[in-house]
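Asker: For reference, this is target_31.cif, and it has mmCIF, C-alpha atoms.
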```cif
data_coords
loop_
_atom_site.label_atom_id
_atom_site.label_comp_id
_atom_site.auth_asym_id
_atom_site.auth_seq_id
_atom_site.Cartn_x
_atom_site.Cartn_y
_atom_site.Cartn_z
CA MET A 18 46.82 121.57 77.80
CA PRO A 19 47.68 123.45 81.04
CA ILE A 20 45.22 125.37 83.16
CA VAL A 21 44.60 128.81 81.63
CA ALA A 22 42.84 131.93 82.92
CA ALA A 23 39.52 130.83 81.38
CA ASP A 24 39.64 127.71 83.59
CA VAL A 25 39.55 129.78 86.80
CA ALA A 26 36.41 131.47 88.11
CA PHE A 27 35.58 133.60 91.15
CA ARG A 28 32.16 132.67 92.51
CA LEU A 29 29.84 133.82 95.31
CA SER A 30 29.10 131.69 98.35
CA GLY A 31 25.70 131.55 100.07
CA GLY A 32 24.24 128.44 98.46
CA ALA A 33 23.99 126.87 95.03
CA ALA A 34 21.28 129.27 93.82
CA ASN A 35 22.71 132.48 95.32
CA THR A 36 23.25 135.43 92.97
CA SER A 37 23.34 138.17 95.63
CA PRO A 38 26.73 139.45 96.82
CA ALA A 39 25.08 140.56 100.10
CA ALA A 40 24.19 136.92 100.82
CA SER A 41 27.73 135.69 100.11
CA LEU A 42 28.37 134.90 103.77
CA GLY A 43 29.82 131.41 103.49
CA GLY A 44 28.24 128.03 102.96
CA ALA A 45 28.02 126.29 99.62
CA MET A 46 29.46 127.78 96.44
CA SER A 47 26.95 129.34 94.06
CA THR A 48 26.61 127.29 90.91
CA ALA A 49 23.98 129.60 89.41
CA GLY A 50 24.89 131.52 86.29
CA GLY A 51 24.61 134.78 88.24
CA GLY A 52 26.95 133.45 90.93
CA ILE A 53 30.08 134.19 88.90
CA ILE A 54 31.76 137.42 90.06
CA PRO A 55 32.23 139.58 86.94
CA ASP A 56 35.37 141.60 86.27
CA ALA A 57 35.31 145.38 86.68
CA THR A 58 31.66 145.56 87.72
CA LEU A 59 30.39 148.07 90.26
CA ASN A 60 29.07 146.41 93.44
CA ALA A 61 30.06 142.91 92.28
CA ILE A 62 30.94 142.03 95.90
CA TRP A 63 30.24 145.06 98.11
CA ASP A 64 27.31 147.42 98.43
CA ASN A 65 27.72 151.20 98.58
CA VAL A 66 28.97 152.58 101.88
CA SER A 67 26.23 154.64 103.52
CA GLY A 68 26.73 158.01 105.19
CA SER A 69 26.27 156.47 108.64
CA GLU A 70 28.86 153.77 107.83
CA HIS A 71 31.32 156.48 106.77
CA SER A 72 30.64 158.43 109.94
CA ALA A 73 30.82 155.55 112.43
CA GLY A 74 33.22 153.28 110.54
CA ASP A 75 32.30 149.82 109.32
CA VAL A 76 33.77 146.35 108.88
CA GLU A 77 32.00 143.85 106.60
CA TYR A 78 32.81 140.33 105.39
CA ARG A 79 32.14 138.33 102.22
CA CYS A 80 33.07 134.78 101.29
CA ILE A 81 33.94 133.92 97.70
CA TYR A 82 35.29 130.83 95.99
CA VAL A 83 38.19 130.29 93.63
CA GLN A 84 37.05 127.55 91.25
CA ASN A 85 39.26 125.38 89.05
CA ASN A 86 37.08 124.52 86.06
CA HIS A 87 39.66 122.36 84.32
CA ALA A 88 38.29 118.85 83.80
CA THR A 89 41.48 116.90 84.50
CA LEU A 90 44.27 119.07 85.93
CA THR A 91 44.90 120.19 89.51
CA ALA A 92 45.67 123.86 90.14
CA GLU A 93 48.82 123.56 92.27
CA ALA A 94 50.23 125.97 94.85
CA VAL A 95 47.38 128.44 94.33
CA ALA A 96 48.08 131.91 95.76
CA PHE A 97 45.43 134.64 96.18
CA PHE A 98 46.60 138.26 96.20
CA PHE A 99 45.50 141.81 95.53
CA ASP A 100 46.68 143.50 92.37
CA ALA A 101 44.86 146.82 92.60
CA GLU A 102 43.23 148.92 95.26
CA GLY A 103 42.17 152.28 94.02
CA GLY A 104 40.53 155.35 95.27
CA SER A 105 39.94 156.11 98.90
CA ALA A 106 42.70 155.86 101.48
CA ASP A 107 39.91 155.49 104.07
CA THR A 108 38.89 151.97 103.04
CA ALA A 109 40.84 148.72 102.82
CA VAL A 110 40.12 145.15 101.75
CA ASP A 111 41.98 142.16 103.21
CA GLY A 112 41.66 138.46 102.46
CA GLY A 113 42.14 135.13 104.19
CA ALA A 114 41.64 131.45 103.41
CA ASP A 115 38.74 129.60 105.01
CA ALA A 116 39.81 126.63 107.15
CA ALA A 117 37.65 124.20 105.13
CA ALA A 118 39.51 121.93 102.73
CA ALA A 119 39.29 122.47 98.99
CA GLY A 120 36.03 121.09 97.65
CA THR A 121 34.27 121.69 100.98
CA ALA A 122 31.76 124.41 101.87
CA ALA A 123 33.04 127.32 103.93
CA GLN A 124 31.78 128.21 107.37
CA VAL A 125 28.68 130.42 107.51
CA VAL A 126 28.52 133.71 109.42
CA ALA A 127 25.31 135.22 110.81
CA ASN A 128 25.55 138.54 108.99
CA GLU A 129 28.03 140.74 107.15
CA GLN A 130 29.40 142.21 110.41
CA THR A 131 30.26 138.79 111.87
CA ALA A 132 33.89 137.76 111.43
CA PRO A 133 34.59 134.21 110.31
CA THR A 134 36.56 132.09 112.78
CA SER A 135 40.04 130.69 112.14
CA VAL A 136 40.76 133.11 109.29
CA THR A 137 43.93 135.19 109.28
CA PHE A 138 43.51 138.32 107.18
CA SER A 139 46.27 140.01 105.21
CA ARG A 140 46.72 142.20 102.14
CA PRO A 141 49.41 140.60 99.98
CA THR A 142 50.17 142.28 96.66
CA THR A 143 52.45 139.66 95.11
CA ARG A 144 52.25 135.96 94.41
CA ALA A 145 55.22 135.31 96.67
CA ALA A 146 53.42 136.89 99.63
CA GLY A 147 49.99 135.61 98.54
CA ILE A 148 47.46 133.77 100.66
CA SER A 149 48.09 130.07 100.14
CA LEU A 150 45.05 128.12 98.98
CA GLY A 151 47.03 124.91 98.45
CA ASN A 152 46.03 122.67 95.57
CA ILE A 153 42.58 122.83 93.99
CA GLY A 154 41.64 119.68 92.12
CA PRO A 155 39.85 119.43 88.78
CA ALA A 156 36.34 120.91 88.94
CA SER A 157 36.91 121.84 92.60
CA TYR A 158 37.08 125.06 94.63
CA LYS A 159 38.49 126.77 97.73
CA ALA A 160 36.88 129.48 99.90
CA VAL A 161 38.43 132.91 100.54
CA TRP A 162 37.06 135.48 102.99
CA LEU A 163 37.25 139.20 102.23
CA ARG A 164 37.06 141.93 104.87
CA ARG A 165 36.25 145.54 103.94
CA THR A 166 37.17 148.15 106.54
CA VAL A 167 35.86 151.73 106.34
CA LEU A 168 37.56 154.09 108.79
CA ALA A 169 35.33 156.18 111.08
CA GLY A 170 34.93 159.85 110.24
CA THR A 171 35.58 159.48 106.53
CA THR A 172 33.79 161.27 103.75
CA ALA A 173 32.04 159.74 100.76
CA PHE A 174 34.21 158.67 97.85
CA ASN A 175 32.88 157.75 94.43
CA GLY A 176 34.66 154.98 92.54
CA ASP A 177 36.53 153.08 95.25
CA SER A 178 37.72 149.71 93.95
CA VAL A 179 39.80 146.63 94.64
CA GLY A 180 41.23 143.99 92.32
CA PHE A 181 42.42 140.51 93.14
CA ARG A 182 43.81 137.53 91.32
CA VAL A 183 45.24 134.07 91.75
CA ALA A 184 48.45 132.58 90.50
CA LEU A 185 49.00 128.84 90.24
CA ASP A 186 51.17 126.12 88.88
CA THR A 187 49.86 123.41 86.61
CA ALA A 188 51.21 120.21 85.21
CA ALA A 189 50.70 119.94 81.51
#
```
What do you get writing this file as structure tokens?

Answerer:
Amino acid sequence: MPIVAADVAFRLSGGAANTSPAASLGGAMSTAGGGIIPDATLNAIWDNVSGSEHSAGDVEYRCIYVQNNHATLTAEAVAFFFDAEGGSADTAVDGGADAAAAGTAAQVVANEQTAPTSVTFSRPTTRAAGISLGNIGPASYKAVWLRRTVLAGTTAFNGDSVGFRVALDTAA
């Protein structure tokens, strides 16, 4: 049976026991039940943008993992891309692959304002233009960094959102 959507999970980084998106700053993948990033859930990755962040502008980073939960099949030619960004024109989210190989912990940054090294950020919206994650073996994972940019001088916006997905090939 080929890899199906239920075999792929998005998980926080920050250590095996981490369940806090704010602590998802690289390192080991969370294996805790609360470390799975839920679909369509407010603040699943980012906190609210404060008034001072709107006024001054802000750039923050998070590291997440794409996990292949299939027991025997490799997810091949995995591509990460954005399928929805809604709401404010004053914020943007970009992504980039961590330099660590699949199955290896991502680099750790000091805080959410520290950019990871050796990551090239982009905002692809199709599989063809997607961020290549290579192959992800059975029960393995690959790190992706996200960067949220809030432009200076913006006003508050309720309901800003971003959606992302992966596409992959699988031998069956």

Asker: Write out as a CSV table (one decimal) with C-alpha atoms, in the frame of the given file the residues lying within 7 Å of A:Val110, counting only C-alpha atoms and excluding same-chain residues fewer than 4 positions away.

Answerer:
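Result file selection.csv:
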```csv
chain,number,residue,atom,x,y,z
A,163,LEU,CA,37.2,139.2,102.2
A,164,ARG,CA,37.1,141.9,104.9
A,165,ARG,CA,36.2,145.5,103.9
A,166,THR,CA,37.2,148.2,106.5
```

Asker: Find, counting only C-alpha atoms, the residue in A:Gly51, A:Gly113, A:Gly180, A:Gly68 that gets nearest to A:Thr134.

Answerer: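 Comparing A:Gly51, A:Gly113, A:Gly180, A:Gly68 against A:Thr134, the winner is A:Gly113.
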
Asker: Skipping near chain neighbours, those fewer than 3 positions away, what residues fall within 8 Å of A:Thr91 using only C-alpha atoms, listed as a count of residues only?

Answerer: 8

Asker: Evaluating the PyMOL selection byres ((chain A and resi 106) around 12) on the displayed file yields which residues, as a list in words?

Answerer: Glu102, Gly103, Gly104, Ser105, Asp107, Thr108, Ala109, Val110, Thr166, Val167, Leu168, Thr171, Thr172, Ala173, Phe174, Asp177, Ser178 and Val179 of chain A

Asker: To verify the selection step, state as a PyMOL selection string which residues the PyMOL selection byres ((chain A and resi 84) around 8) yields on this input.

Answerer: chain A and resi 25-28+82-83+85-86+153+156-159

Asker: Rounded to one decimal place, report the atom CA of A:Ala73-atom CA of A:Trp162 distance in Å.

Answerer: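 Computing it gives 23.0 Å between the two atoms.
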
Asker: Suppose a student applies the PyMOL selection byres ((chain A and resi 41) around 8) to this structure; what residues should they get, written as a PyMOL selection string?

Answerer: chain A and resi 29-31+35+37-40+42-43+79-81

Asker: Between A:Ala92, A:Ala160, A:Val76, A:Leu150, single out the one closest to A:Ala122, counting all atoms listed in the file.

Answerer: A:Ala160

Asker: Give me the residues within 9 Å of A:Thr137 as a list in words, counting only C-alpha atoms and dropping any in the same chain fewer than 5 places off.

Answerer: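 Once the adjacent positions are removed, what remains is Gly112, Gly113, Ala114 and Asp115 of chain A.
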